[in-house]
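Pasted below: upload.cif, mmCIF, C-alpha atoms; chains and numbers go by the auth columns.
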data_structure
loop_
_atom_site.group_PDB
_atom_site.id
_atom_site.type_symbol
_atom_site.label_atom_id
_atom_site.label_comp_id
_atom_site.label_asym_id
_atom_site.label_seq_id
_atom_site.Cartn_x
_atom_site.Cartn_y
_atom_site.Cartn_z
_atom_site.B_iso_or_equiv
_atom_site.auth_seq_id
_atom_site.auth_asym_id
ATOM 1 C CA MET A 1 -19.514 36.532 26.325 0.00 208 A
ATOM 2 C CA GLY A 2 -17.771 39.848 26.110 0.00 209 A
ATOM 3 C CA GLY A 3 -16.665 41.910 29.057 0.00 210 A
ATOM 4 C CA CYS A 4 -19.411 44.515 28.898 0.00 211 A
ATOM 5 C CA MET A 5 -22.939 43.519 29.870 0.00 212 A
ATOM 6 C CA GLU A 6 -26.037 45.495 28.901 0.00 213 A
ATOM 7 C CA LYS A 7 -29.723 44.542 28.640 0.00 214 A
ATOM 8 C CA ASP A 8 -28.890 40.861 29.120 0.00 215 A
ATOM 9 C CA GLU A 9 -31.558 38.162 28.962 0.00 216 A
ATOM 10 C CA LEU A 10 -31.794 34.804 30.728 0.00 217 A
ATOM 11 C CA LEU A 11 -34.080 32.294 28.978 0.00 218 A
ATOM 12 C CA PHE A 12 -35.401 29.112 30.612 0.00 219 A
ATOM 13 C CA LEU A 13 -36.834 26.256 28.490 0.00 220 A
ATOM 14 C CA PHE A 14 -38.831 23.393 30.027 0.00 221 A
ATOM 15 C CA SER A 15 -39.544 19.812 28.947 0.00 222 A
ATOM 16 C CA ASP A 16 -43.126 20.693 27.919 0.00 223 A
ATOM 17 C CA ASN A 17 -41.731 23.385 25.526 0.00 224 A
ATOM 18 C CA THR A 18 -42.860 26.286 27.717 0.00 225 A
ATOM 19 C CA SER A 19 -40.340 29.006 28.431 0.00 226 A
ATOM 20 C CA PHE A 20 -39.847 32.350 30.081 0.00 227 A
ATOM 21 C CA ALA A 21 -37.209 35.037 29.929 0.00 228 A
ATOM 22 C CA LEU A 22 -35.821 37.415 32.511 0.00 229 A
ATOM 23 C CA LYS A 23 -34.167 40.748 31.785 0.00 230 A
ATOM 24 C CA ALA A 24 -31.153 41.857 33.801 0.00 231 A
ATOM 25 C CA TRP A 25 -32.054 44.656 36.189 0.00 232 A
ATOM 26 C CA ASN A 26 -28.600 46.083 36.825 0.00 233 A
ATOM 27 C CA GLU A 27 -26.925 49.037 35.173 0.00 234 A
ATOM 28 C CA PRO A 28 -24.701 48.329 32.144 0.00 235 A
ATOM 29 C CA ASN A 29 -21.166 47.478 33.226 0.00 236 A
ATOM 30 C CA CYS A 30 -17.887 46.144 31.899 0.00 237 A
ATOM 31 C CA ASP A 31 -17.277 43.916 34.939 0.00 238 A
ATOM 32 C CA GLY A 32 -19.054 40.936 33.334 0.00 239 A
ATOM 33 C CA ILE A 33 -21.896 41.044 35.896 0.00 240 A
ATOM 34 C CA SER A 34 -25.591 40.527 35.132 0.00 241 A
ATOM 35 C CA LEU A 35 -28.200 40.450 37.897 0.00 242 A
ATOM 36 C CA PHE A 36 -31.584 38.739 37.534 0.00 243 A
ATOM 37 C CA ASP A 37 -34.527 38.542 39.932 0.00 244 A
ATOM 38 C CA LEU A 38 -35.682 34.915 40.215 0.00 245 A
ATOM 39 C CA GLU A 39 -38.268 35.782 42.882 0.00 246 A
ATOM 40 C CA GLY A 40 -41.913 36.170 42.028 0.00 247 A
ATOM 41 C CA THR A 41 -44.596 34.430 40.063 0.00 248 A
ATOM 42 C CA GLU A 42 -42.298 32.845 37.496 0.00 249 A
ATOM 43 C CA ASN A 43 -40.506 30.771 40.124 0.00 250 A
ATOM 44 C CA LYS A 44 -43.779 29.479 41.577 0.00 251 A
ATOM 45 C CA LYS A 45 -45.442 29.057 38.190 0.00 252 A
ATOM 46 C CA TYR A 46 -42.688 26.775 36.903 0.00 253 A
ATOM 47 C CA SER A 47 -41.912 24.852 40.090 0.00 254 A
ATOM 48 C CA ASP A 48 -43.522 21.644 38.745 0.00 255 A
ATOM 49 C CA LYS A 49 -41.687 21.666 35.399 0.00 256 A
ATOM 50 C CA LYS A 50 -38.398 20.077 34.366 0.00 257 A
ATOM 51 C CA LEU A 51 -35.785 22.521 33.158 0.00 258 A
ATOM 52 C CA VAL A 52 -34.055 21.390 29.936 0.00 259 A
ATOM 53 C CA SER A 53 -32.055 24.438 28.847 0.00 260 A
ATOM 54 C CA ILE A 54 -30.850 27.825 30.076 0.00 261 A
ATOM 55 C CA ARG A 55 -29.497 30.502 27.747 0.00 262 A
ATOM 56 C CA LEU A 56 -27.796 33.755 28.701 0.00 263 A
ATOM 57 C CA GLN A 57 -27.662 36.363 25.951 0.00 264 A
ATOM 58 C CA ASN A 58 -25.529 39.476 26.146 0.00 265 A
ATOM 59 C CA GLY A 59 -27.789 42.338 25.072 0.00 266 A
ATOM 60 C CA ARG A 60 -24.829 44.400 23.919 0.00 267 A
ATOM 61 C CA THR A 61 -22.979 41.915 21.687 0.00 268 A
ATOM 62 C CA PHE A 62 -25.782 39.342 21.276 0.00 269 A
ATOM 63 C CA GLU A 63 -23.329 36.565 22.121 0.00 270 A
ATOM 64 C CA SER A 64 -25.022 33.743 23.998 0.00 271 A
ATOM 65 C CA LEU A 65 -24.148 30.829 26.223 0.00 272 A
ATOM 66 C CA SER A 66 -26.436 27.789 26.627 0.00 273 A
ATOM 67 C CA TYR A 67 -26.441 25.154 29.350 0.00 274 A
ATOM 68 C CA GLN A 68 -28.399 21.894 29.472 0.00 275 A
ATOM 69 C CA PRO A 69 -28.895 20.787 33.092 0.00 276 A
ATOM 70 C CA SER A 70 -29.002 17.110 33.995 0.00 277 A
ATOM 71 C CA GLY A 71 -30.218 15.002 36.902 0.00 278 A
ATOM 72 C CA ASP A 72 -31.517 16.981 39.869 0.00 279 A
ATOM 73 C CA GLN A 73 -30.475 20.275 38.234 0.00 280 A
ATOM 74 C CA MET A 74 -33.569 19.853 36.024 0.00 281 A
ATOM 75 C CA ASN A 75 -35.684 20.344 39.177 0.00 282 A
ATOM 76 C CA TYR A 76 -34.137 23.724 40.012 0.00 283 A
ATOM 77 C CA PHE A 77 -37.413 25.639 40.374 0.00 284 A
ATOM 78 C CA ARG A 78 -39.079 22.898 42.429 0.00 285 A
ATOM 79 C CA ASN A 79 -36.022 22.641 44.688 0.00 286 A
ATOM 80 C CA ALA A 80 -35.864 26.424 45.103 0.00 287 A
ATOM 81 C CA ALA A 81 -39.581 26.653 45.956 0.00 288 A
ATOM 82 C CA ASN A 82 -39.245 23.814 48.487 0.00 289 A
ATOM 83 C CA ALA A 83 -36.184 25.406 50.081 0.00 290 A
ATOM 84 C CA VAL A 84 -37.981 28.745 50.553 0.00 291 A
ATOM 85 C CA GLN A 85 -41.166 27.062 51.805 0.00 292 A
ATOM 86 C CA ASN A 86 -39.244 24.917 54.312 0.00 293 A
ATOM 87 C CA LYS A 87 -37.067 27.899 55.340 0.00 294 A
ATOM 88 C CA LEU A 88 -33.878 26.143 54.243 0.00 295 A
ATOM 89 C CA ILE A 89 -32.873 29.360 52.515 0.00 296 A
ATOM 90 C CA GLU A 90 -33.936 32.927 53.141 0.00 297 A
ATOM 91 C CA ASN A 91 -35.833 34.821 50.482 0.00 298 A
ATOM 92 C CA VAL A 92 -34.052 38.183 50.344 0.00 299 A
ATOM 93 C CA LYS A 93 -35.545 41.178 48.553 0.00 300 A
ATOM 94 C CA CYS A 94 -33.218 43.194 46.332 0.00 301 A
ATOM 95 C CA LYS A 95 -32.845 46.860 47.168 0.00 302 A
#
What would you get if you wrote out this structure as C-alpha cells?
Amino acid sequence: MGGCMEKDELLFLFSDNTSFALKAWNEPNCDGISLFDLEGTENKKYSDKKLVSIRLQNGRTFESLSYQPSGDQMNYFRNAANAVQNKLIENVKCK
C-alpha cells in the first residue's frame, strides 16, 4: 500500500448495500500508520448490519486493499457495541 500514508479512507460495505467511509485523522507519515475513529454514531447506526467488505485506500497513492470478512467477523459492529455496552472493553477517547 505504499510506505507513506496521507488522507487515507476506510470504507465499510454492508449486506443491504449501505456503506460509510471514515477518513484518517492522523498527520501524514511514512511509517505506514493510519488512524481512524470508530467511535460515534456510525458504530451504533450500523450495529445491526452484516459487514461484507472493508476497503482501505491510501489517499496519497490511491492504492487500495480490500477484505471480505466471514463468519462472526461480519458482526463486527454488533459485537463492538455489545462489548462496550456490557463493559467488556473500555471506550477510550482519542486525545
Go through A:Lys257, A:Arg262, A:Lys251, A:Arg267 one by one, measure the shortest atom-to-atom distance of each to Lys214 in chain A using all atoms listed in the file, and give the residue with the smallest value. A:Arg267
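When CA of Asn236 in chain A is paired with CA of Glu216 in chain A, their separation reads 14.6 Å.
Near range 278-290 of chain A, within a cut-off of 8 Å and counting all atoms listed in the file, sit the residues A:Asn250, A:Lys251, A:Tyr253, A:Ser254, A:Asp255, A:Lys256, A:Lys257, A:Leu258, A:Val259, A:Ile296, with same-chain residues fewer than 6 positions away left out.
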Can you measure CA of Lys230 in chain A to CA of Asn293 in chain A for me? One decimal in Å is fine. 28.0 Å
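Going from CA of Ser277 in chain A to CA of Ser260 in chain A covers 9.5 Å.
Among the candidates A:Lys252, A:Glu270, A:Pro276, A:Gln264, the residue lying nearest to Phe227 in chain A is A:Lys252 (atoms considered: all atoms listed in the file).
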Taking the file as shown, find all residues satisfying the PyMOL selection byres ((chain A and resi 265) around 9) and write them as a PyMOL selection string. chain A and resi 208-209+211-216+263-264+266-272
